[in-house]
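coords_28.cif (mmCIF, C-alpha atoms)
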```cif
data_structure
#
loop_
_atom_site.label_atom_id
_atom_site.label_comp_id
_atom_site.auth_asym_id
_atom_site.auth_seq_id
_atom_site.Cartn_x
_atom_site.Cartn_y
_atom_site.Cartn_z
CA MET A 1 112.91 96.79 133.21
CA ASN A 2 113.80 93.67 135.14
CA ARG A 3 111.04 94.40 137.62
CA ALA A 4 108.45 94.99 134.91
CA PHE A 5 108.80 91.44 133.64
CA PRO A 6 107.39 89.57 136.70
CA VAL A 7 104.69 92.22 137.08
CA LEU A 8 103.59 91.68 133.52
CA GLY A 9 103.80 87.92 134.10
CA VAL A 10 101.41 88.07 137.05
CA LEU A 11 99.07 90.42 135.17
CA THR A 12 99.00 88.08 132.19
CA ALA A 13 98.26 85.08 134.43
CA ILE A 14 95.33 86.91 136.05
CA LEU A 15 94.04 88.10 132.69
CA LEU A 16 94.31 84.63 131.16
CA SER A 17 92.41 82.99 134.04
CA TYR A 18 89.74 85.69 133.90
CA ALA A 19 89.44 85.21 130.14
CA LEU A 20 89.16 81.43 130.62
CA TYR A 21 86.38 81.93 133.17
CA MET A 22 84.60 84.34 130.84
CA ALA A 23 84.88 81.98 127.88
CA LEU A 24 83.78 78.82 129.67
CA VAL A 25 81.18 80.14 132.15
CA VAL A 26 80.01 83.67 131.45
CA ALA A 27 79.69 83.64 127.66
CA PRO A 28 76.24 82.51 126.47
CA THR A 29 75.97 79.08 124.88
CA GLU A 30 75.52 79.17 121.14
CA GLN A 31 72.06 78.06 120.03
CA THR A 32 72.81 75.53 117.31
CA MET A 33 76.40 74.50 117.98
CA GLY A 34 76.28 74.29 121.77
CA ASP A 35 79.41 74.28 123.89
CA VAL A 36 81.69 73.36 120.98
CA GLN A 37 81.44 76.95 119.86
CA ARG A 38 83.46 78.07 122.91
CA ILE A 39 86.67 77.02 121.16
CA PHE A 40 86.04 80.16 119.09
CA TYR A 41 87.38 82.22 122.02
CA TYR A 42 90.77 80.56 121.52
CA HIS A 43 90.73 80.08 117.77
CA VAL A 44 90.01 83.66 116.72
CA PRO A 45 92.26 85.50 119.22
CA SER A 46 95.14 83.15 118.32
CA ALA A 47 94.64 83.94 114.64
CA TRP A 48 94.64 87.69 115.27
CA THR A 49 97.72 87.42 117.48
CA ALA A 50 99.53 85.36 114.85
CA PHE A 51 98.72 87.89 112.10
CA ILE A 52 99.95 90.76 114.29
CA LEU A 53 103.19 88.91 115.02
CA PHE A 54 103.75 88.21 111.33
CA THR A 55 103.21 91.91 110.62
CA ILE A 56 105.77 92.76 113.30
CA ASN A 57 108.11 90.29 111.63
CA LEU A 58 107.77 92.10 108.30
CA VAL A 59 108.30 95.55 109.84
CA ALA A 60 111.33 94.37 111.83
CA SER A 61 112.82 92.77 108.70
CA LEU A 62 112.40 95.99 106.72
CA VAL A 63 113.98 97.98 109.56
CA TYR A 64 116.86 95.52 109.69
CA LEU A 65 117.53 95.80 105.95
CA ALA A 66 117.45 99.60 106.16
CA ARG A 67 119.42 100.17 109.37
CA ARG A 68 121.22 96.87 110.15
CA GLN A 69 120.42 96.99 113.85
CA PRO A 70 120.85 93.56 115.50
CA ALA A 71 117.88 94.30 117.78
CA ALA A 72 115.55 94.47 114.76
CA ASP A 73 116.81 91.08 113.64
CA ILE A 74 116.10 89.57 117.05
CA VAL A 75 112.58 91.05 117.02
CA ALA A 76 112.00 89.54 113.56
CA LEU A 77 113.19 86.12 114.72
CA VAL A 78 111.18 86.17 117.94
CA SER A 79 107.95 87.37 116.34
CA ALA A 80 108.19 84.68 113.64
CA GLU A 81 108.78 81.95 116.22
CA VAL A 82 105.90 82.96 118.47
CA GLY A 83 103.71 83.68 115.44
CA VAL A 84 104.24 80.13 114.16
CA VAL A 85 103.20 78.80 117.58
CA PHE A 86 99.96 80.82 117.53
CA CYS A 87 99.32 79.88 113.90
CA THR A 88 99.73 76.23 114.92
CA ILE A 89 97.11 76.75 117.65
CA VAL A 90 94.75 78.13 115.00
CA LEU A 91 95.34 75.15 112.72
CA VAL A 92 94.80 72.68 115.58
CA THR A 93 91.73 74.25 117.19
CA GLY A 94 90.04 74.72 113.77
CA PRO A 95 89.64 71.02 112.97
CA ILE A 96 88.59 70.24 116.56
CA TRP A 97 85.68 72.62 116.02
CA ALA A 98 85.03 71.63 112.42
CA ARG A 99 84.63 67.90 113.10
CA PRO A 100 81.40 68.17 115.17
CA VAL A 101 80.03 71.24 113.35
CA TRP A 102 80.85 70.58 109.68
CA GLY A 103 81.29 66.83 110.08
CA ILE A 104 84.77 66.95 108.54
CA TRP A 105 88.22 67.63 109.97
CA TRP A 106 89.51 69.71 107.13
CA THR A 107 88.33 71.32 103.94
CA TRP A 108 90.37 73.06 101.24
CA ASP A 109 88.54 76.30 101.72
CA MET A 110 89.97 79.78 101.28
CA ARG A 111 90.74 80.74 104.84
CA LEU A 112 91.92 77.31 105.94
CA THR A 113 94.21 76.91 102.96
CA SER A 114 95.66 80.38 103.16
CA THR A 115 96.37 79.99 106.88
CA LEU A 116 98.09 76.68 106.15
CA VAL A 117 100.19 78.28 103.40
CA LEU A 118 101.06 81.16 105.72
CA TRP A 119 102.18 78.65 108.33
CA LEU A 120 104.32 76.86 105.71
CA ILE A 121 105.96 80.13 104.64
CA TYR A 122 106.95 81.07 108.18
CA VAL A 123 108.11 77.56 109.00
CA SER A 124 110.41 77.78 105.96
CA TYR A 125 111.62 81.12 107.35
CA LEU A 126 112.55 79.42 110.62
CA VAL A 127 114.19 76.54 108.75
CA LEU A 128 116.34 79.02 106.83
CA ARG A 129 117.39 80.69 110.06
CA ARG A 130 118.31 77.32 111.51
CA PHE A 131 120.33 76.14 108.52
CA SER A 132 122.28 79.17 107.41
CA ALA A 133 125.64 80.24 108.77
CA SER A 134 125.45 82.81 111.55
CA GLY A 135 126.98 85.86 109.86
CA GLU A 136 124.66 86.24 106.90
CA THR A 137 121.47 84.80 108.41
CA PRO A 138 119.85 88.16 109.29
CA VAL A 139 120.00 89.55 105.73
CA LEU A 140 118.82 86.32 104.09
CA ALA A 141 116.05 85.91 106.64
CA ALA A 142 114.91 89.51 106.22
CA ALA A 143 114.76 89.04 102.43
CA LEU A 144 112.73 85.86 102.85
CA ALA A 145 110.37 87.61 105.29
CA ILE A 146 109.66 90.26 102.66
CA PHE A 147 109.01 87.58 100.03
CA GLY A 148 106.71 85.78 102.44
CA ALA A 149 104.73 88.93 103.16
CA LEU A 150 104.47 89.74 99.43
CA CYS A 151 103.13 86.26 98.90
CA VAL A 152 100.26 86.64 101.37
CA PRO A 153 97.88 88.64 99.09
CA PHE A 154 98.60 86.23 96.24
CA VAL A 155 97.80 83.27 98.42
CA TYR A 156 94.58 84.91 99.50
CA PHE A 157 93.44 85.91 96.01
CA SER A 158 94.45 82.68 94.34
CA ILE A 159 92.44 80.68 96.82
CA TRP A 160 89.61 83.21 96.65
CA PHE A 161 88.28 81.53 93.51
CA PHE A 162 87.42 78.38 95.40
CA ARG A 163 84.11 78.68 97.19
CA THR A 164 84.54 79.44 100.86
CA GLN A 165 83.02 77.32 103.59
CA HIS A 166 84.47 79.11 106.61
CA PRO A 167 82.10 81.29 108.68
CA GLN A 168 82.22 84.96 107.72
CA PRO A 169 84.87 86.96 109.57
CA VAL A 170 83.67 88.41 112.86
CA MET A 171 84.99 91.89 112.15
CA GLY A 172 83.94 93.67 108.97
CA GLY A 173 82.60 90.57 107.23
CA GLY A 174 78.88 91.13 107.64
CA GLY A 175 78.64 88.29 110.17
CA SER A 176 76.63 89.11 113.29
CA ILE A 177 77.71 88.22 116.80
CA ASP A 178 76.05 88.59 120.19
CA PRO A 179 77.61 91.63 121.95
CA ARG A 180 78.27 89.52 125.06
CA MET A 181 80.19 87.04 122.93
CA LEU A 182 82.16 89.85 121.32
CA HIS A 183 83.03 91.17 124.78
CA VAL A 184 84.42 87.78 125.85
CA LEU A 185 86.25 87.47 122.54
CA LEU A 186 87.99 90.80 123.01
CA ILE A 187 89.00 89.96 126.58
CA ASN A 188 90.49 86.70 125.34
CA TRP A 189 92.30 88.53 122.61
CA LEU A 190 93.77 90.96 125.12
CA ALA A 191 94.89 88.06 127.33
CA PHE A 192 96.44 86.24 124.39
CA SER A 193 98.23 89.34 123.17
CA CYS A 194 99.68 89.92 126.64
CA PHE A 195 100.79 86.32 126.77
CA ALA A 196 102.36 86.56 123.31
CA PHE A 197 104.13 89.75 124.28
CA LEU A 198 105.45 88.11 127.46
CA VAL A 199 106.77 85.09 125.58
CA CYS A 200 108.34 87.32 122.93
CA TRP A 201 109.99 89.41 125.59
CA SER A 202 111.55 86.49 127.43
CA ARG A 203 112.62 84.93 124.13
CA TYR A 204 114.16 88.28 123.11
CA ARG A 205 116.20 88.45 126.31
CA LEU A 206 117.30 84.85 125.85
CA GLU A 207 118.39 85.41 122.25
CA LYS A 208 120.23 88.59 123.18
CA LEU A 209 122.10 86.86 126.01
CA GLN A 210 122.91 83.94 123.76
CA ARG A 211 124.42 86.26 121.16
CA GLU A 212 126.42 88.09 123.81
CA VAL A 213 127.77 84.77 125.09
CA GLU A 214 128.71 83.68 121.56
CA GLN A 215 130.44 86.98 120.94
CA ALA A 216 132.35 86.79 124.23
CA GLN A 217 133.44 83.23 123.45
CA ALA A 218 134.62 84.24 120.00
CA LEU A 219 136.60 87.14 121.44
CA ALA A 220 138.05 84.94 124.17
CA SER A 221 139.28 82.40 121.65
CA LEU A 222 141.03 85.19 119.72
CA ALA A 223 142.72 86.78 122.75
CA PRO A 224 146.31 85.71 123.48
CA ARG A 225 146.64 83.33 126.42
CA SER A 226 148.07 84.95 129.50
CA PRO A 227 151.24 83.25 130.79
CA ARG A 228 150.76 81.41 134.06
CA MET B 1 133.12 99.07 82.30
CA PRO B 2 130.68 97.46 79.84
CA ALA B 3 126.98 98.31 80.07
CA PRO B 4 124.78 96.23 82.42
CA THR B 5 123.04 94.60 79.46
CA GLY B 6 126.45 93.66 78.07
CA ILE B 7 127.33 91.90 81.33
CA THR B 8 124.00 90.10 81.31
CA ARG B 9 124.56 88.99 77.74
CA ALA B 10 128.12 87.82 78.38
CA THR B 11 127.14 85.82 81.47
CA LEU B 12 124.16 84.31 79.72
CA ARG B 13 126.28 83.34 76.71
CA LYS B 14 128.86 81.72 78.98
CA ASP B 15 126.19 79.73 80.84
CA LEU B 16 124.55 78.58 77.62
CA ARG B 17 127.88 77.52 76.17
CA LEU B 18 128.76 75.60 79.33
CA GLU B 19 125.39 73.88 79.24
CA TRP B 20 125.66 73.15 75.52
CA ARG B 21 129.00 71.41 76.05
CA SER B 22 128.22 69.53 79.26
CA LYS B 23 124.39 69.12 78.98
CA ASP B 24 124.37 68.44 82.73
CA ALA B 25 121.23 70.32 83.67
CA ILE B 26 119.07 69.44 80.68
CA ASN B 27 119.89 65.72 80.79
CA SER B 28 119.17 65.35 84.48
CA MET B 29 115.97 67.41 84.16
CA LEU B 30 114.74 65.36 81.21
CA PHE B 31 115.39 62.03 82.85
CA PHE B 32 113.90 63.23 86.12
CA SER B 33 110.64 64.46 84.59
CA LEU B 34 110.38 61.30 82.50
CA LEU B 35 110.58 59.30 85.72
CA VAL B 36 107.87 61.46 87.29
CA VAL B 37 105.55 60.89 84.29
CA VAL B 38 106.07 57.13 84.43
CA VAL B 39 105.62 56.94 88.20
CA PHE B 40 102.40 58.97 88.00
CA SER B 41 101.02 56.69 85.32
CA PHE B 42 101.09 53.81 87.83
CA SER B 43 99.04 55.68 90.42
CA PHE B 44 95.97 56.10 88.20
CA ASP B 45 94.66 55.19 84.76
CA PRO B 46 96.26 57.73 82.42
CA SER B 47 93.90 57.09 79.51
CA ALA B 48 90.68 57.68 81.44
CA GLU B 49 88.60 60.74 80.60
CA GLU B 50 88.98 62.06 84.18
CA SER B 51 92.75 62.28 83.77
CA ARG B 52 92.14 65.42 81.72
CA GLN B 53 91.12 67.07 85.00
CA ILE B 54 94.40 66.28 86.72
CA ALA B 55 96.76 66.44 83.74
CA GLY B 56 97.40 70.15 84.31
CA GLY B 57 98.56 69.47 87.84
CA LEU B 58 100.66 66.52 86.74
CA ILE B 59 102.55 68.39 84.06
CA TRP B 60 103.43 71.25 86.36
CA VAL B 61 104.47 69.06 89.27
CA ALA B 62 106.84 67.22 86.94
CA PHE B 63 108.27 70.50 85.62
CA LEU B 64 108.54 71.98 89.11
CA PHE B 65 110.56 69.06 90.44
CA ALA B 66 112.73 69.05 87.33
CA ALA B 67 113.31 72.81 87.54
CA VAL B 68 114.69 72.43 91.06
CA VAL B 69 117.39 70.17 89.62
CA ALA B 70 118.53 72.92 87.23
CA LEU B 71 118.16 75.72 89.78
CA ASN B 72 120.38 73.94 92.27
CA GLN B 73 123.19 73.89 89.74
CA THR B 74 122.88 77.59 88.85
CA TRP B 75 125.16 79.02 91.48
CA ALA B 76 127.02 75.90 92.54
CA ARG B 77 128.99 76.24 89.32
CA GLU B 78 130.20 79.71 90.36
CA ILE B 79 131.45 78.61 93.76
CA ARG B 80 134.20 76.49 92.27
CA ASN B 81 137.30 78.64 91.68
CA GLN B 82 135.71 81.48 93.72
CA VAL B 83 133.99 82.98 90.69
CA LEU B 84 131.23 84.36 92.88
CA ASP B 85 133.70 86.10 95.19
CA ALA B 86 135.37 87.65 92.16
CA TYR B 87 131.98 88.86 91.02
CA ARG B 88 131.25 90.41 94.40
CA VAL B 89 134.43 92.49 94.41
CA SER B 90 134.00 93.55 90.78
CA PRO B 91 132.04 96.78 90.13
CA ALA B 92 129.58 94.94 87.85
CA PRO B 93 125.97 95.43 88.99
CA ALA B 94 124.57 92.41 90.82
CA ASN B 95 121.26 92.58 88.98
CA SER B 96 122.93 91.94 85.61
CA LEU B 97 124.26 88.69 86.99
CA PHE B 98 120.87 87.83 88.46
CA LEU B 99 119.03 88.50 85.19
CA ALA B 100 121.56 86.43 83.24
CA LYS B 101 121.10 83.50 85.61
CA ALA B 102 117.32 83.80 85.63
CA LEU B 103 117.16 84.02 81.82
CA GLY B 104 119.49 81.04 81.53
CA ASN B 105 117.29 78.96 83.78
CA PHE B 106 114.23 80.16 81.88
CA ILE B 107 115.76 78.88 78.65
CA PHE B 108 116.73 75.52 80.19
CA VAL B 109 113.29 74.92 81.68
CA SER B 110 111.57 76.08 78.46
CA VAL B 111 113.63 73.60 76.43
CA LEU B 112 112.65 70.90 78.90
CA GLU B 113 108.99 71.81 78.55
CA ALA B 114 109.18 71.86 74.77
CA LEU B 115 110.71 68.37 74.77
CA MET B 116 108.44 66.90 77.43
CA THR B 117 105.06 68.28 76.34
CA PRO B 118 104.69 66.06 73.24
CA LEU B 119 105.47 63.07 75.42
CA PHE B 120 102.82 64.13 77.91
CA ILE B 121 100.26 64.57 75.12
CA ALA B 122 101.04 61.11 73.79
CA PHE B 123 101.11 59.35 77.17
CA TYR B 124 97.97 60.93 78.56
CA ARG B 125 96.11 61.37 75.23
CA LEU B 126 95.51 65.04 75.87
CA ARG B 127 93.72 67.44 73.58
CA ALA B 128 92.74 70.94 74.48
CA ILE B 129 89.07 71.83 74.31
CA GLY B 130 89.78 75.51 74.96
CA PRO B 131 92.12 77.79 72.92
CA ALA B 132 95.46 75.97 72.90
CA TRP B 133 97.57 79.08 72.15
CA GLN B 134 96.80 80.29 75.65
CA LEU B 135 98.78 77.34 76.97
CA LEU B 136 101.89 79.01 75.57
CA ILE B 137 101.25 82.17 77.57
CA VAL B 138 100.55 80.15 80.70
CA ALA B 139 103.74 78.15 80.18
CA MET B 140 105.88 81.26 79.74
CA LEU B 141 104.43 83.16 82.68
CA GLY B 142 104.46 80.08 84.91
CA THR B 143 108.02 79.16 84.02
CA TRP B 144 109.22 82.68 84.70
CA ALA B 145 107.44 82.67 88.08
CA LEU B 146 109.25 79.48 89.09
CA VAL B 147 112.59 80.47 87.66
CA VAL B 148 112.86 84.04 88.96
CA ASN B 149 112.11 83.05 92.56
CA GLY B 150 114.08 79.85 92.17
CA THR B 151 117.21 81.69 91.03
CA PHE B 152 116.86 84.09 93.95
CA PHE B 153 116.36 81.36 96.54
CA ALA B 154 119.15 79.28 95.05
CA ALA B 155 121.50 82.20 95.69
CA MET B 156 120.07 82.41 99.19
CA SER B 157 120.48 78.74 100.03
CA LEU B 158 123.94 78.71 98.49
CA ARG B 159 125.81 79.22 101.72
CA THR B 160 123.47 77.29 104.02
CA ARG B 161 124.06 73.80 105.27
CA SER B 162 122.52 71.05 103.07
CA ARG B 163 121.67 73.57 100.35
CA GLU B 164 120.28 71.02 97.90
CA ILE B 165 117.33 70.37 100.17
CA MET B 166 117.10 74.00 101.29
CA LEU B 167 116.01 75.29 97.87
CA PRO B 168 112.70 73.40 97.60
CA LEU B 169 111.97 74.16 101.26
CA LEU B 170 112.18 77.89 100.54
CA LEU B 171 110.81 77.88 97.00
CA PHE B 172 107.70 75.72 97.28
CA PRO B 173 105.76 77.65 99.97
CA ILE B 174 106.33 80.99 98.24
CA SER B 175 105.45 79.47 94.85
CA ILE B 176 102.12 78.02 95.95
CA PRO B 177 100.01 80.84 94.42
CA ALA B 178 101.96 80.58 91.15
CA ILE B 179 101.65 76.80 91.05
CA LEU B 180 97.93 77.08 91.75
CA GLY B 181 97.63 79.63 88.94
CA MET B 182 99.51 77.48 86.41
CA VAL B 183 97.64 74.31 87.29
CA GLN B 184 94.22 75.96 87.26
CA ALA B 185 94.92 77.82 84.01
CA THR B 186 96.17 74.67 82.29
CA THR B 187 93.22 72.62 83.50
CA ALA B 188 90.79 75.37 82.49
CA ILE B 189 92.21 75.45 78.96
CA LEU B 190 92.27 71.65 78.64
CA THR B 191 88.65 71.35 79.78
CA GLY B 192 87.48 74.38 77.81
CA GLU B 193 86.77 76.89 80.58
CA GLY B 194 88.01 80.46 80.77
CA ALA B 195 91.55 80.97 82.08
CA ARG B 196 91.66 84.78 82.03
CA VAL B 197 91.68 85.28 85.81
CA TRP B 198 94.50 82.82 86.32
CA ILE B 199 96.62 84.35 83.59
CA ALA B 200 96.12 87.78 85.18
CA LEU B 201 97.14 86.33 88.55
CA LEU B 202 100.29 84.80 87.06
CA LEU B 203 101.18 88.04 85.32
CA SER B 204 100.87 90.12 88.50
CA TYR B 205 102.77 87.47 90.48
CA ASP B 206 105.60 87.66 87.94
CA LEU B 207 105.71 91.45 88.04
CA VAL B 208 105.72 91.70 91.85
CA PHE B 209 108.30 89.02 92.46
CA THR B 210 110.63 90.06 89.64
CA THR B 211 110.68 93.55 91.15
CA ALA B 212 111.30 92.16 94.63
CA CYS B 213 114.14 89.96 93.36
CA LEU B 214 115.83 92.86 91.59
CA LEU B 215 115.50 95.10 94.65
CA LEU B 216 116.87 92.57 97.10
CA PHE B 217 119.38 90.54 95.12
CA GLU B 218 122.36 92.79 95.71
CA ARG B 219 121.93 92.56 99.48
CA VAL B 220 121.62 88.79 99.34
CA LEU B 221 124.67 88.42 97.11
CA ASN B 222 126.80 90.57 99.39
CA ALA B 223 125.40 89.24 102.68
CA GLU B 224 128.17 88.56 105.15
#
```
As structure tokens, please, write out the structure in this file.
Amino acid sequence: MNRAFPVLGVLTAILLSYALYMALVVAPTEQTMGDVQRIFYYHVPSAWTAFILFTINLVASLVYLARRQPAADIVALVSAEVGVVFCTIVLVTGPIWARPVWGIWWTWDMRLTSTLVLWLIYVSYLVLRRFSASGETPVLAAALAIFGALCVPFVYFSIWFFRTQHPQPVMGGGGSIDPRMLHVLLINWLAFSCFAFLVCWSRYRLEKLQREVEQAQALASLAPRSPR
Amino acid sequence: MPAPTGITRATLRKDLRLEWRSKDAINSMLFFSLLVVVVFSFSFDPSAEESRQIAGGLIWVAFLFAAVVALNQTWAREIRNQVLDAYRVSPAPANSLFLAKALGNFIFVSVLEALMTPLFIAFYRLRAIGPAWQLLIVAMLGTWALVVNGTFFAAMSLRTRSREIMLPLLLFPISIPAILGMVQATTAILTGEGARVWIALLLSYDLVFTTACLLLFERVLNAE
């Protein structure tokens, strides 16, 4: 397992550079938007990765509530942290694209607003984890994760009633995309997922070690001092 | 052991009696929402015709902020003298306690709304173009949405550091769909458009989150 980590690291680095090359050089330039459109290869894969991580967070929280395994709690924490990072990338790259194309930085449209609300929900999840005492944090956090996930369809439907300005979704939304562009998009998504997995993995190991250290320290402080 | 409804009733009666004698929550909520109304009136012209468009949002923001004041006091009262610990070791079902607290908060916030609404109507010269009785439904569903999640999150933030600030941080993001529903429904009724969709949204939000609260409350109460 310890050897797999650097191997995956190198693979991810190669994949990311290949994906960057594909996105900036190989992918055809969009007719009306020009080169600005290339940010799409970062925006969309980040969004997909963030949604997958938030789903993992929900599943891990449910598993934790059912079985009380500390590993599930760490997975929930790690996926929320990395998911918030990717969600932040989505929220930052969106306006960078929107300014030249729509002429505005931000609009209160359905997808933009619901992504922002999603980001707020998971930031509040991380805030709760930071502020609560160590013993009960996992249960409270798991409950909040379930509430957050339940909230997602409501956020989406409540904002549905405002007219949407965002381009139609690439997959299953009736929007058409050049197959070469789709190819590059999928490669970028693969690279981003590998990267997310790598970060989650190293964060998981770090969190696990940190908990072991805390436990050892707590035990050491309880143990009777040996006479010199 | 008394029936679960008996426990709910007893706890609710105790909370109402405490509130009736101290009037802590209702007084602070009333004064707080009054301040919000006055502060808002400085930021725009309250008598203009356009203020009808934003009045729905205004009313609910004032009630939301005021409700947080009451919600924060819900459980804090039980920490003194270890009442909550006694409750945890007793065989009484946790959900009875939760329902009593949620109903108590619902009553407090409803009283606040009943007292503040006439003031709002007078200050902002409101008059509903649509069917005004629907406002009552919106108010009840919206208040329950705020209060049920608020009671749950207040129990959650109880044992965190700086819990007074923790509650709004947890409650507001999750409540965004409900707040949107209340504001849009109120505005639609005031301006004479249909509010059906928003009422349906509020109703389903209430059902889903009440169920979630009842399913998860015991774990949160006994979290160690």
Give me, as a list in words, the contact residues of chain B against chain A at a cut-off of 7 Å, counting all atoms listed in the file.
Met156, Arg159, Thr160, Arg161, Leu169, Leu170, Pro173, Ile174, Pro177, Gly181, Leu216, Val220, Ala223 and Glu224 of chain B
Non-local contacts of Met29 (chain B) (6 Å; all atoms listed in the file; under 3 positions in same chain excluded) as an NGL selection string
:B and (26 or 32 or 66)
Which of these, A:Ala4, A:Ala98, A:Ile14, A:Ile52, has the shortest distance to Ser193 (chain A) once you count only C-alpha atoms?
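With only C-alpha atoms as the atom set, the closest residue is A:Ile52.
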So what does the PyMOL selection byres ((chain A and resi 194) around 12) actually pick up in this one, as a PDB file with C-alpha atoms, keeping the file's coordinate frame?
```pdb
ATOM      1  CA  PHE A   5     108.800  91.440 133.640  1.00  0.00           C
ATOM      2  CA  VAL A   7     104.690  92.220 137.080  1.00  0.00           C
ATOM      3  CA  LEU A   8     103.590  91.680 133.520  1.00  0.00           C
ATOM      4  CA  GLY A   9     103.800  87.920 134.100  1.00  0.00           C
ATOM      5  CA  VAL A  10     101.410  88.070 137.050  1.00  0.00           C
ATOM      6  CA  LEU A  11      99.070  90.420 135.170  1.00  0.00           C
ATOM      7  CA  THR A  12      99.000  88.080 132.190  1.00  0.00           C
ATOM      8  CA  ALA A  13      98.260  85.080 134.430  1.00  0.00           C
ATOM      9  CA  ILE A  14      95.330  86.910 136.050  1.00  0.00           C
ATOM     10  CA  LEU A  15      94.040  88.100 132.690  1.00  0.00           C
ATOM     11  CA  LEU A  16      94.310  84.630 131.160  1.00  0.00           C
ATOM     12  CA  ALA A  19      89.440  85.210 130.140  1.00  0.00           C
ATOM     13  CA  PRO A  45      92.260  85.500 119.220  1.00  0.00           C
ATOM     14  CA  SER A  46      95.140  83.150 118.320  1.00  0.00           C
ATOM     15  CA  THR A  49      97.720  87.420 117.480  1.00  0.00           C
ATOM     16  CA  ILE A 187      89.000  89.960 126.580  1.00  0.00           C
ATOM     17  CA  ASN A 188      90.490  86.700 125.340  1.00  0.00           C
ATOM     18  CA  TRP A 189      92.300  88.530 122.610  1.00  0.00           C
ATOM     19  CA  LEU A 190      93.770  90.960 125.120  1.00  0.00           C
ATOM     20  CA  ALA A 191      94.890  88.060 127.330  1.00  0.00           C
ATOM     21  CA  PHE A 192      96.440  86.240 124.390  1.00  0.00           C
ATOM     22  CA  SER A 193      98.230  89.340 123.170  1.00  0.00           C
ATOM     23  CA  PHE A 195     100.790  86.320 126.770  1.00  0.00           C
ATOM     24  CA  ALA A 196     102.360  86.560 123.310  1.00  0.00           C
ATOM     25  CA  PHE A 197     104.130  89.750 124.280  1.00  0.00           C
ATOM     26  CA  LEU A 198     105.450  88.110 127.460  1.00  0.00           C
ATOM     27  CA  VAL A 199     106.770  85.090 125.580  1.00  0.00           C
ATOM     28  CA  CYS A 200     108.340  87.320 122.930  1.00  0.00           C
ATOM     29  CA  TRP A 201     109.990  89.410 125.590  1.00  0.00           C
TER      30      TRP A 201
END
```
Have a look at B:Ser175, B:Thr186, B:Gln73, B:Thr210 and name the one nearest to Ile137 (chain B); count only C-alpha atoms.
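Checking each of B:Ser175, B:Thr186, B:Gln73, B:Thr210 against Ile137 (chain B), counting only C-alpha atoms, the winner is B:Thr186.
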Please identify all polymer residues within 9 Å of region 213-215 of chain B, counting all atoms listed in the file, omitting same-chain residues fewer than 3 positions from it, and present them as a list in words.
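My reading of the contact set: Phe147 of chain A; Ala94, Asn95, Phe98, Leu99, Val148, Asn149, Phe152, Val208, Phe209, Thr210, Glu218 and Arg219 of chain B.
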Ground truth for the PyMOL selection byres ((chain A and resi 41) around 8), written as a ChimeraX atom specification:
/A:23,38-40,42-45,184-185,188
